[in-house]
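Engineer: This is run31.txt, which holds compact mmCIF, C-alpha atoms:
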# COMPACT_ATOMS: atom_id res chain seq x y z
CA MET A 29 -5.57 -19.19 9.08
CA SER A 30 -5.19 -15.53 10.04
CA THR A 31 -2.27 -13.20 10.62
CA PRO A 32 -2.12 -11.61 14.11
CA ALA A 33 -2.12 -7.83 14.25
CA THR A 34 1.24 -7.87 16.03
CA THR A 35 2.85 -9.47 12.98
CA VAL A 36 3.84 -7.22 10.09
CA LEU A 37 2.39 -8.44 6.80
CA THR A 38 5.34 -9.65 4.73
CA ALA A 39 6.25 -11.65 1.64
CA ALA A 40 6.79 -14.65 3.92
CA ASP A 41 2.99 -14.89 4.31
CA ILE A 42 2.74 -15.42 0.55
CA THR A 43 5.54 -17.98 0.56
CA ALA A 44 3.48 -19.94 3.09
CA VAL A 45 0.65 -20.08 0.53
CA THR A 46 2.64 -20.77 -2.63
CA GLY A 47 5.49 -22.81 -1.17
CA ARG A 48 7.88 -20.79 -3.35
CA PRO A 49 10.39 -18.57 -1.53
CA THR A 50 10.77 -14.99 -2.77
CA PRO A 51 13.89 -13.68 -1.00
CA GLY A 52 14.06 -9.91 -0.92
CA ALA A 53 10.56 -9.45 -2.37
CA ALA A 54 8.60 -6.38 -1.30
CA LEU A 55 4.92 -5.72 -0.67
CA ARG A 56 4.00 -2.43 -2.35
CA VAL A 57 1.21 -0.03 -3.38
CA PRO A 58 -1.70 -1.19 -1.20
CA ALA A 59 -5.36 -0.50 -1.89
CA LEU A 60 -7.49 -0.55 1.27
CA LEU A 61 -11.29 -0.55 1.26
CA ARG A 62 -14.03 -1.11 3.83
CA HIS A 63 -17.01 -2.89 2.31
CA ARG A 64 -20.06 -0.81 3.28
CA CYS A 65 -22.48 -3.68 3.60
CA THR A 66 -20.37 -6.06 5.66
CA GLY A 67 -17.77 -3.84 7.33
CA ARG A 68 -15.07 -6.15 5.99
CA LEU A 69 -11.68 -4.59 5.31
CA LEU A 70 -10.12 -5.62 1.99
CA LEU A 71 -6.45 -5.07 1.27
CA ALA A 72 -5.01 -5.61 -2.21
CA HIS A 73 -1.28 -5.18 -2.81
CA ASP A 74 1.64 -6.03 -5.07
CA LEU A 75 4.26 -8.67 -4.44
CA ARG A 76 7.39 -7.43 -6.23
CA PRO A 77 10.25 -9.92 -6.64
CA VAL A 78 13.81 -8.63 -6.67
CA THR A 79 14.82 -7.50 -10.16
CA THR A 80 17.43 -9.64 -11.89
CA SER A 81 19.08 -6.81 -13.84
CA ASP A 82 20.22 -3.41 -12.66
CA ASP A 83 19.14 -1.67 -15.87
CA ALA A 84 16.20 -3.76 -17.10
CA TRP A 85 13.63 -1.47 -15.50
CA ARG A 86 15.06 1.56 -17.32
CA THR A 87 15.30 -0.03 -20.76
CA SER A 88 11.79 -1.48 -20.55
CA GLY A 89 10.09 1.72 -19.39
CA GLY A 90 9.80 1.37 -15.63
CA ALA A 91 9.97 4.38 -13.32
CA LEU A 92 11.77 2.48 -10.55
CA PRO A 93 13.26 -0.99 -9.98
CA GLY A 94 10.42 -3.44 -9.42
CA ASP A 95 8.00 -1.62 -11.74
CA LEU A 96 6.34 -3.46 -14.60
CA PRO A 97 7.33 -5.43 -16.62
CA ASN A 98 8.83 -6.99 -13.49
CA PRO A 99 6.89 -10.24 -12.83
CA ASN A 100 4.82 -8.71 -10.03
CA SER A 101 1.65 -10.33 -8.71
CA LEU A 102 -1.46 -9.13 -6.89
CA TRP A 103 -2.73 -10.48 -3.58
CA LEU A 104 -5.85 -9.93 -1.49
CA ARG A 105 -6.30 -10.13 2.29
CA ALA A 106 -9.44 -9.60 4.35
CA SER A 107 -10.19 -8.63 7.94
CA ASP A 108 -13.53 -8.84 9.73
CA ASP A 109 -12.25 -7.36 13.01
CA ASP A 110 -11.04 -3.91 11.93
CA GLY A 111 -7.56 -5.13 11.08
CA ALA A 112 -6.83 -7.01 14.31
CA THR A 113 -6.35 -10.19 12.26
CA TRP A 114 -6.08 -10.83 8.54
CA SER A 115 -6.86 -13.77 6.32
CA ALA A 116 -4.09 -15.61 4.54
CA PRO A 117 -3.23 -13.84 1.26
CA ALA A 118 -5.15 -15.03 -1.81
CA PRO A 119 -3.82 -14.49 -5.35
CA LEU A 120 -5.69 -12.21 -7.73
CA LEU A 121 -5.21 -13.91 -11.09
CA PRO A 122 -6.90 -13.20 -14.44
CA ASP A 123 -8.32 -16.16 -16.35
CA PRO A 124 -5.41 -17.24 -18.61
CA GLU A 125 -7.83 -18.39 -21.31
CA ALA A 126 -9.42 -14.95 -21.62
CA LEU A 127 -6.29 -12.94 -20.77
CA PRO A 128 -3.23 -14.98 -21.81
CA GLY A 129 0.35 -13.75 -21.88
CA ILE A 130 0.29 -11.56 -18.75
CA VAL A 131 3.69 -11.52 -17.05
CA GLY A 132 3.16 -8.94 -14.31
CA LEU A 133 0.27 -7.29 -12.44
CA SER A 134 0.60 -4.12 -10.38
CA ASP A 135 -0.97 -1.04 -8.81
CA PRO A 136 -4.47 -2.08 -7.69
CA VAL A 137 -7.40 0.30 -7.25
CA LEU A 138 -10.41 -0.86 -5.22
CA LEU A 139 -13.98 0.48 -5.40
CA GLU A 140 -17.37 -0.63 -4.11
CA GLY A 141 -20.29 0.12 -6.40
CA PRO A 142 -23.82 1.12 -5.35
CA SER A 143 -24.98 -2.51 -5.51
CA GLY A 144 -22.16 -3.74 -3.28
CA THR A 145 -20.15 -5.05 -6.24
CA LEU A 146 -16.40 -4.78 -5.75
CA HIS A 147 -14.32 -3.36 -8.59
CA LEU A 148 -10.59 -3.86 -9.00
CA LEU A 149 -8.42 -2.07 -11.55
CA ALA A 150 -4.84 -3.12 -12.22
CA ALA A 151 -2.02 -2.61 -14.70
CA ALA A 152 -0.81 -5.68 -16.58
CA SER A 153 2.28 -6.16 -18.70
CA ALA A 154 3.94 -8.70 -20.93
CA ASP A 155 7.06 -6.85 -22.07
CA VAL A 156 7.07 -3.10 -21.22
CA GLY A 157 6.41 -0.61 -18.44
CA LEU A 158 4.43 2.63 -18.50
CA PHE A 159 7.21 4.75 -20.01
CA GLY A 160 8.13 2.19 -22.64
CA ALA A 161 4.62 1.40 -23.87
CA HIS A 162 2.94 2.68 -27.03
CA VAL A 163 -0.71 3.34 -27.81
CA PRO A 164 -2.44 0.10 -28.87
CA THR A 165 -3.21 -0.23 -32.56
CA ARG A 166 -6.01 -2.79 -32.37
CA PRO A 167 -8.96 -3.55 -30.08
CA TRP A 168 -8.67 -6.24 -27.43
CA ARG A 169 -10.19 -9.65 -28.07
CA ALA A 170 -10.65 -12.28 -25.39
CA GLY A 171 -8.15 -15.10 -25.75
CA GLN A 172 -5.57 -13.03 -27.64
CA ALA A 173 -2.15 -12.35 -26.16
CA PRO A 174 -1.43 -8.67 -25.46
CA GLU A 175 -0.28 -6.60 -28.40
CA PRO A 176 3.53 -6.35 -28.06
CA GLY A 177 4.72 -3.09 -26.56
CA THR A 178 1.41 -2.22 -24.88
CA LEU A 179 0.50 -1.86 -21.22
CA ARG A 180 -2.88 -3.34 -20.31
CA LEU A 181 -5.60 -1.86 -18.08
CA LEU A 182 -7.54 -4.72 -16.46
CA HIS A 183 -10.86 -4.64 -14.60
CA ALA A 184 -12.20 -7.31 -12.25
CA THR A 185 -15.52 -7.54 -10.41
CA SER A 186 -16.59 -9.53 -7.37
CA HIS A 187 -20.17 -10.10 -6.22
CA ASP A 188 -19.22 -12.11 -3.13
CA VAL A 189 -17.05 -9.64 -1.17
CA GLY A 190 -13.82 -10.71 -2.81
CA ALA A 191 -14.21 -14.50 -2.76
CA THR A 192 -14.26 -14.79 -6.58
CA TRP A 193 -13.49 -12.37 -9.41
CA ALA A 194 -14.37 -12.01 -13.10
CA TRP A 195 -11.79 -10.23 -15.27
CA THR A 196 -11.84 -8.21 -18.48
CA ASP A 197 -9.55 -5.85 -20.41
CA LEU A 198 -10.30 -2.10 -20.66
CA THR A 199 -7.26 -1.18 -22.75
CA ASP A 200 -9.51 -0.15 -25.68
CA LEU A 201 -9.96 3.11 -23.73
CA CYS A 202 -6.38 3.89 -24.79
CA LEU A 203 -7.29 3.93 -28.48
CA PRO A 204 -7.65 7.37 -30.14
CA GLY A 205 -10.92 8.99 -29.07
CA PRO A 206 -12.57 12.28 -28.11
CA VAL A 207 -10.56 12.73 -24.89
CA PHE A 208 -7.15 11.82 -26.33
CA PRO A 209 -7.29 12.14 -30.15
CA GLU A 210 -3.87 10.50 -30.52
CA GLY A 211 -4.60 7.84 -27.93
CA CYS A 212 -2.69 7.29 -24.70
CA VAL A 213 -1.27 4.70 -22.32
CA LEU A 214 -3.36 4.31 -19.14
CA PHE A 215 -2.13 3.27 -15.71
CA PRO A 216 -4.18 3.00 -12.48
CA ALA A 217 -3.15 5.28 -9.61
CA SER A 218 -3.02 2.65 -6.87
CA GLY A 219 -5.28 3.05 -3.85
CA HIS A 220 -9.02 3.62 -3.85
CA GLY A 221 -11.44 5.58 -5.97
CA THR A 222 -14.65 7.22 -4.83
CA VAL A 223 -18.41 6.93 -5.39
CA LEU A 224 -20.65 9.98 -5.74
CA GLY A 225 -23.50 10.43 -3.28
CA PRO A 226 -26.95 11.99 -3.83
CA GLY A 227 -26.90 14.48 -6.68
CA PRO A 228 -26.99 14.65 -10.47
CA ALA A 229 -24.56 11.72 -10.86
CA VAL A 230 -25.48 9.64 -7.82
CA GLY A 231 -23.69 6.29 -7.73
CA ARG A 232 -21.02 7.28 -10.26
CA LEU A 233 -17.79 5.33 -9.84
CA VAL A 234 -14.65 7.47 -10.08
CA ALA A 235 -11.29 5.73 -10.40
CA PRO A 236 -7.97 7.63 -10.69
CA LEU A 237 -5.77 6.92 -13.72
CA VAL A 238 -2.56 8.33 -15.17
CA ALA A 239 -2.42 8.88 -18.93
CA ALA A 240 0.95 8.95 -20.69
CA LEU A 241 0.66 10.81 -23.97
CA PRO A 242 2.22 9.39 -27.16
CA ALA A 243 5.49 10.67 -28.60
CA PRO A 244 4.04 13.36 -30.95
CA SER A 245 2.64 15.19 -27.91
CA ARG A 246 5.85 15.02 -25.90
CA SER A 247 8.36 17.82 -25.49
CA GLY A 248 11.80 16.47 -26.40
CA GLN A 249 12.42 13.27 -24.49
CA ASP A 250 9.92 14.03 -21.73
CA VAL A 251 6.99 11.73 -21.08
CA HIS A 252 4.02 14.04 -20.62
CA LEU A 253 1.56 12.74 -18.02
CA ARG A 254 -2.05 13.69 -17.35
CA SER A 255 -4.27 12.93 -14.36
CA VAL A 256 -7.63 11.62 -15.56
CA CYS A 257 -10.51 9.64 -14.05
CA LEU A 258 -12.29 6.54 -15.24
CA LEU A 259 -16.07 6.96 -14.84
CA SER A 260 -19.01 4.57 -14.73
CA ASP A 261 -22.68 5.42 -14.23
CA ASP A 262 -23.94 1.81 -14.37
CA ASP A 263 -21.93 0.14 -11.59
CA GLY A 264 -19.01 -0.79 -13.80
CA ILE A 265 -20.86 -2.33 -16.75
CA THR A 266 -19.47 0.39 -19.02
CA TRP A 267 -16.64 2.87 -18.48
CA ARG A 268 -15.52 6.11 -20.09
CA LEU A 269 -12.74 8.63 -19.58
CA GLY A 270 -13.33 12.06 -18.11
CA ARG A 271 -11.28 15.04 -19.25
CA PRO A 272 -7.70 15.37 -17.98
CA VAL A 273 -6.68 18.00 -15.44
CA PRO A 274 -5.33 21.11 -17.22
CA VAL A 275 -1.74 21.75 -16.19
CA ALA A 276 0.89 24.28 -17.21
CA THR A 277 3.74 22.99 -19.37
CA SER A 278 7.04 22.56 -17.55
CA ALA A 279 10.39 20.89 -18.15
CA GLY A 280 10.50 17.22 -17.25
CA ARG A 281 12.60 15.62 -14.53
CA SER A 282 13.64 12.07 -13.71
CA LEU A 283 12.95 10.46 -10.34
CA ALA A 284 15.71 7.86 -10.29
CA GLY A 285 17.55 7.98 -13.59
CA GLY A 286 14.64 6.70 -15.67
CA ALA A 287 12.41 8.61 -18.07
CA ARG A 288 11.94 12.35 -17.58
CA THR A 289 8.31 13.19 -16.86
CA SER A 290 6.17 16.31 -16.64
CA GLY A 291 2.52 17.16 -16.05
CA THR A 292 0.40 15.58 -13.30
CA ASP A 293 1.11 12.04 -12.15
CA GLU A 294 -0.55 9.63 -9.69
CA HIS A 295 -3.40 11.23 -7.78
CA ALA A 296 -6.07 10.59 -5.18
CA VAL A 297 -9.71 11.66 -5.42
CA VAL A 298 -12.47 12.11 -2.86
CA ALA A 299 -16.12 13.14 -3.24
CA LEU A 300 -17.07 16.21 -1.20
CA ASP A 301 -20.75 16.06 -2.20
CA GLY A 302 -22.91 14.67 -4.99
CA ALA A 303 -21.02 16.54 -7.71
CA THR A 304 -17.85 18.01 -6.20
CA VAL A 305 -14.67 15.92 -6.29
CA LEU A 306 -11.29 17.00 -4.93
CA MET A 307 -8.04 15.72 -6.43
CA SER A 308 -4.55 15.77 -4.93
CA ALA A 309 -1.90 14.93 -7.52
CA ARG A 310 1.78 14.14 -7.56
CA ASP A 311 3.77 16.61 -9.63
CA GLY A 312 5.05 14.77 -12.69
CA ALA A 313 8.04 17.13 -12.83
CA TYR A 314 8.86 16.59 -9.12
CA GLY A 315 8.47 20.22 -8.13
CA GLY A 316 8.36 19.36 -4.42
CA THR A 317 4.71 20.16 -3.59
CA ARG A 318 1.32 18.60 -4.28
CA LEU A 319 -1.04 19.83 -6.99
CA THR A 320 -4.78 20.15 -6.38
CA SER A 321 -7.76 20.40 -8.70
CA LEU A 322 -11.51 20.56 -8.21
CA SER A 323 -14.37 19.13 -10.27
CA VAL A 324 -17.97 20.26 -9.85
CA ASP A 325 -19.44 17.87 -12.42
CA GLY A 326 -18.58 14.51 -10.91
CA ALA A 327 -14.96 14.25 -12.16
CA ALA A 328 -15.93 14.78 -15.81
CA THR A 329 -13.90 18.02 -16.04
CA TRP A 330 -11.40 19.72 -13.74
CA SER A 331 -10.13 23.15 -12.80
CA PRO A 332 -6.49 23.94 -13.70
CA ALA A 333 -4.02 22.29 -11.33
CA GLN A 334 -2.94 24.59 -8.50
CA ARG A 335 0.27 24.17 -6.54
CA GLU A 336 -0.17 23.71 -2.77
CA ALA A 337 2.95 25.38 -1.41
CA ASP A 338 2.37 24.09 2.13
CA VAL A 339 1.78 20.43 1.16
CA PRO A 340 5.16 18.81 0.41
CA ASP A 341 5.43 16.05 -2.16
CA PRO A 342 8.47 13.74 -2.00
CA GLY A 343 7.56 12.23 -5.38
CA CYS A 344 5.13 9.47 -4.40
CA ASN A 345 1.45 8.61 -4.47
CA ALA A 346 -0.90 9.72 -1.68
CA GLY A 347 -4.42 9.10 -0.40
CA LEU A 348 -7.50 11.14 0.50
CA ILE A 349 -10.50 10.37 2.70
CA ALA A 350 -13.70 12.26 3.49
CA LEU A 351 -14.71 12.42 7.15
CA VAL A 352 -18.23 11.22 7.92
CA GLY A 353 -20.18 14.25 9.10
CA GLY A 354 -17.19 16.50 8.40
CA ARG A 355 -17.55 19.94 6.87
CA VAL A 356 -15.45 22.80 5.59
CA ASP A 357 -16.50 26.35 6.42
CA GLU A 358 -15.68 29.12 3.98
CA GLU A 359 -13.48 31.06 6.38
CA GLU A 360 -11.51 27.90 7.21
CA ALA A 361 -11.08 26.50 3.70
CA ARG A 362 -8.06 27.03 1.49
CA PRO A 363 -8.53 30.21 -0.56
CA GLU A 364 -7.20 28.44 -3.65
CA LEU A 365 -9.87 25.72 -3.51
CA LEU A 366 -12.66 28.21 -2.85
CA LYS A 367 -11.52 30.24 -5.83
CA GLN A 368 -11.62 27.13 -8.01
CA ARG A 369 -15.07 26.12 -6.77
CA ARG A 370 -16.55 29.59 -7.38
CA ALA A 371 -14.96 29.79 -10.82
CA HIS A 372 -16.70 26.55 -11.75
CA ARG A 373 -20.10 27.65 -10.41
CA PRO A 374 -20.96 30.86 -12.24
CA GLY A 375 -23.79 32.78 -10.63
CA ARG A 376 -23.46 30.95 -7.33
CA ARG A 377 -24.40 33.18 -4.41
CA PRO A 378 -21.68 33.92 -1.85
CA GLY A 379 -21.83 31.74 1.21
CA PRO A 380 -20.27 28.77 2.96
CA ALA A 381 -18.54 26.19 0.79
CA VAL A 382 -20.56 23.56 2.65
CA PRO A 383 -23.59 24.67 4.71
CA ARG A 384 -23.15 24.72 8.46
CA ARG A 385 -25.11 22.19 10.45
CA ARG A 386 -27.53 23.66 12.93
CA PRO A 387 -26.28 23.53 16.53
CA GLY A 388 -27.34 20.37 18.29
CA ARG A 389 -28.59 18.75 15.11
CA ALA A 390 -27.20 15.29 14.43
CA PRO A 391 -25.85 14.57 10.95
CA ARG A 392 -28.17 12.68 8.66
CA ARG A 393 -27.34 9.04 8.18
CA THR A 394 -27.74 7.30 4.87
CA PRO A 395 -30.01 4.25 5.24
CA GLU A 396 -28.29 0.95 4.70
CA PRO A 397 -29.04 -0.33 1.18
CA ALA A 398 -31.39 -3.28 1.03
CA HIS A 399 -28.79 -5.35 -0.81
CA CYS A 400 -26.50 -5.20 2.23
CA GLN A 401 -28.59 -7.66 4.21
CA GLY A 402 -26.98 -11.07 4.05
CA ALA A 403 -24.13 -9.80 1.88
CA LEU A 404 -21.65 -12.18 3.48
CA ALA A 405 -23.66 -15.23 2.53
CA GLY A 406 -21.59 -17.32 0.18
CA ALA A 407 -18.43 -15.36 0.98
CA PRO A 408 -16.51 -17.59 3.38
CA ARG A 409 -13.48 -16.12 5.10
CA ASP A 410 -10.33 -18.05 5.89
CA GLY A 411 -9.82 -17.82 9.65
The structure given in the file should be rewritten as structure tokens.
Structural biologist:
Amino acid sequence: MSTPATTVLTAADITAVTGRPTPGAALRVPALLRHRCTGRLLLAHDLRPVTTSDDAWRTSGGALPGDLPNPNSLWLRASDDDGATWSAPAPLLPDPEALPGIVGLSDPVLLEGPSGTLHLLAAASADVGLFGAHVPTRPWRAGQAPEPGTLRLLHATSHDVGATWAWTDLTDLCLPGPVFPEGCVLFPASGHGTVLGPGPAVGRLVAPLVAALPAPSRSGQDVHLRSVCLLSDDDGITWRLGRPVPVATSAGRSLAGGARTSGTDEHAVVALDGATVLMSARDGAYGGTRLTSLSVDGAATWSPAQREADVPDPGCNAGLIALVGGRVDEEEARPELLKQRRAHRPGRRPGPAVPRRRPGRAPRRTPEPAHCQGALAGAPRDG
């Protein structure tokens, strides 16, 4: 069964699968990805039931009604005709034996690794939201219920273009370590990550996360947020945290009567070349404009966040894409970004930010990886 393009994707599509009505439920925070090998579009999104209490989201640490620990669920749809039709929604569910006690799942991030493996990141909760969670005090063990008061960072992989998924828990990255000595609470910035092309870190997976710092690092009652990226150089077998984006201290503000926040919040990342990654971040203090930062070492470190006065920010997440064959000439680029790039490349000779292509010369095309051939085998599609 497929959903015609003329029909808006709604919660009713999910009711048709589960047989359970969800009146007033909303579909939120989509992650959209085109699988390189097959061309298939994959769309992951939340289903958020109506909250049963007007104040529960505030007292449990949500930013808005419908945030975790609301009993949200994740769903996946696929399209093999560029979005003209979509498969029936399929639930994205962790194995309850390995990951018991999960009440809600939210905010998916999708990535495709160099081998064609799909990676999904999601937040999971049993009893608290981002702003009510504390740093975990013990490592995760398969089969154990979540530590009370913690928010979980889950990772799933698919080797058959989304037909099946294997899940694990990455919340140990929140424990005190070299990046955050006091630990942190991690939350995926819903959407898509990026993969680095040819260069010193070719194939590196870069996924955007938000880190909420623990109480000793907060100013007053503010929740101090940091934009940080999750990195993998082995196609998702192991992961590590890059350094957070430096940001000036400012007074926190509340979006809708919940916790006051400051710093840099949800962000989108895009690779400009094999080492340069651009970030556009939501201002955690709701200053009204986007914040940008540049990395020249594959998202391991970042330049200080710069305010983009001409890019308004209503207080929500955003997305970035890189145009195939696109380029930015020095005289056309934003002076702020050029200044950041030069500052991070000492000794670099003056010249275009990205070399001009010779007139009449077609852009180089990356050969299709060998693993792409027959990638849809064993990945049946409904419809």
Engineer: Nearest residue to A:Asp108 out of A:Ser323, A:Thr192, A:Thr304, A:Thr66, using all atoms listed in the file?
Structural biologist: A:Thr66
Engineer: What's around A:Thr46 at 12 Å? Count all atoms listed in the file, leave out sequence neighbours fewer than 2 positions away in its own chain, and write the answer as a PyMOL selection string.
Structural biologist: chain A and resi 39-44+48-50+103+116-119
Engineer: Write a file of the just-selected residues containing C-alpha atoms, as a CSV table (one decimal), keeping the file's coordinate frame.
Structural biologist:
chain,number,residue,atom,x,y,z
A,39,ALA,CA,6.2,-11.6,1.6
A,40,ALA,CA,6.8,-14.6,3.9
A,41,ASP,CA,3.0,-14.9,4.3
A,42,ILE,CA,2.7,-15.4,0.6
A,43,THR,CA,5.5,-18.0,0.6
A,44,ALA,CA,3.5,-19.9,3.1
A,48,ARG,CA,7.9,-20.8,-3.4
A,49,PRO,CA,10.4,-18.6,-1.5
A,50,THR,CA,10.8,-15.0,-2.8
A,103,TRP,CA,-2.7,-10.5,-3.6
A,116,ALA,CA,-4.1,-15.6,4.5
A,117,PRO,CA,-3.2,-13.8,1.3
A,118,ALA,CA,-5.2,-15.0,-1.8
A,119,PRO,CA,-3.8,-14.5,-5.4
Engineer: Taking 5 positions as the minimum chain separation for residues in the same chain, which residues sit within 12 Å of A:Gly315 when counting only C-alpha atoms? Answer as a ChimeraX atom specification.
Structural biologist: /A:278-283,289-293,309-310,335-337,339-344
Engineer: Enter the distance from atom CA of A:Thr87 to atom CA of A:Ala161, in Å, rounded to one decimal.
Structural biologist: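 Computed distance, atom CA of A:Thr87 to atom CA of A:Ala161, equals 11.2 Å.
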Engineer: How many Å lie between atom CA of A:Val131 and atom CA of A:Ser101, rounded to one decimal?
Structural biologist: 8.7 Å
Engineer: Compile the contact shell of A:Pro206 as a short mmCIF file (atom, residue, chain, number, x, y, z; two decimals) with C-alpha atoms, in the frame of the given file: residues with an atom at most 10 Å away, counting all atoms listed in the file, same-chain residues fewer than 3 positions apart removed.
Structural biologist:
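Saved file part.cif follows:
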data_model
loop_
_atom_site.label_atom_id
_atom_site.label_comp_id
_atom_site.auth_asym_id
_atom_site.auth_seq_id
_atom_site.Cartn_x
_atom_site.Cartn_y
_atom_site.Cartn_z
CA LEU A 203 -7.29 3.93 -28.48
CA PRO A 209 -7.29 12.14 -30.15
CA GLU A 210 -3.87 10.50 -30.52
CA GLY A 211 -4.60 7.84 -27.93
CA LEU A 269 -12.74 8.63 -19.58
CA ARG A 271 -11.28 15.04 -19.25
#
Engineer: Would you mind telling me which residue in A:Val298, A:Ala72, A:Cys65, A:Ala350 lies nearest to A:Asp188 when using all atoms listed in the file?
Structural biologist: A:Cys65
Engineer: May I have the protein, DNA and RNA residues with an atom at most 10 Å from (-21.3, -0.4, -6.1), counting all atoms listed in the file in the file's coordinates, returned as a VMD selection string?
Structural biologist: chain A and resid 63 to 64 139 to 147 187 223 231 to 233 262 to 264
Engineer: Work out how far apart atom CA of A:Arg318 and atom CA of A:Thr199 are and give it in Å to one decimal.
Structural biologist: 28.4 Å
Engineer: In terms of the shortest atom-to-atom distance over all atoms listed in the file, which of A:Glu175, A:Glu294, A:Asp123, A:Asp301 is closest to A:Leu237?
Structural biologist: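 Closest candidate: A:Glu294.
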Engineer: Using all atoms listed in the file, which residues sit within 12 Å of A:Pro93 once same-chain residues fewer than 3 positions away are excluded, as a count of residues only?
Structural biologist: 27
Engineer: Between A:Pro242, A:Asp197, A:Gly129, A:Ala327, which has the minimum distance to A:Ser260 (counting only C-alpha atoms)?
Structural biologist: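 For A:Ser260, the nearest of the given residues is A:Ala327.
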Engineer: For the point (-3.7, -1.0, -32.0) in file coordinates, what residues are within 12 Å, counting all atoms listed in the file? Give the answer as a PyMOL selection string?
Structural biologist: chain A and resi 161-169+174-180+199-204+210-213
Engineer: Those residues with C-alpha atoms, as a short mmCIF file (atom, residue, chain, number, x, y, z; two decimals), in the coordinates of the input please?
Structural biologist:
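Final output, saved to part22.cif:
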data_model
loop_
_atom_site.label_atom_id
_atom_site.label_comp_id
_atom_site.auth_asym_id
_atom_site.auth_seq_id
_atom_site.Cartn_x
_atom_site.Cartn_y
_atom_site.Cartn_z
CA ALA A 161 4.62 1.40 -23.87
CA HIS A 162 2.94 2.68 -27.03
CA VAL A 163 -0.71 3.34 -27.81
CA PRO A 164 -2.44 0.10 -28.87
CA THR A 165 -3.21 -0.23 -32.56
CA ARG A 166 -6.01 -2.79 -32.37
CA PRO A 167 -8.96 -3.55 -30.08
CA TRP A 168 -8.67 -6.24 -27.43
CA ARG A 169 -10.19 -9.65 -28.07
CA PRO A 174 -1.43 -8.67 -25.46
CA GLU A 175 -0.28 -6.60 -28.40
CA PRO A 176 3.53 -6.35 -28.06
CA GLY A 177 4.72 -3.09 -26.56
CA THR A 178 1.41 -2.22 -24.88
CA LEU A 179 0.50 -1.86 -21.22
CA ARG A 180 -2.88 -3.34 -20.31
CA THR A 199 -7.26 -1.18 -22.75
CA ASP A 200 -9.51 -0.15 -25.68
CA LEU A 201 -9.96 3.11 -23.73
CA CYS A 202 -6.38 3.89 -24.79
CA LEU A 203 -7.29 3.93 -28.48
CA PRO A 204 -7.65 7.37 -30.14
CA GLU A 210 -3.87 10.50 -30.52
CA GLY A 211 -4.60 7.84 -27.93
CA CYS A 212 -2.69 7.29 -24.70
CA VAL A 213 -1.27 4.70 -22.32
#
Engineer: From the set A:Ala194, A:Ala59, A:Ala328, A:Leu75, which residue has the shortest atom-to-atom contact distance to A:Pro136, counting all atoms listed in the file?
Structural biologist: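 Of the candidates, the smallest distance to A:Pro136 is held by A:Ala59.
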Engineer: Compare A:Gln249, A:Thr196, A:Thr185, A:Ser218 by their minimum atom-to-atom distance to A:Val57, counting only C-alpha atoms, and give me the closest one.
Structural biologist: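 Closest residue, counting only C-alpha atoms: A:Ser218.
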Engineer: Might you pull out every residue within 7 Å of A:Gly326, with only C-alpha atoms counted and same-chain residues fewer than 6 positions away left off, and present them as a count of residues only?
Structural biologist: 4
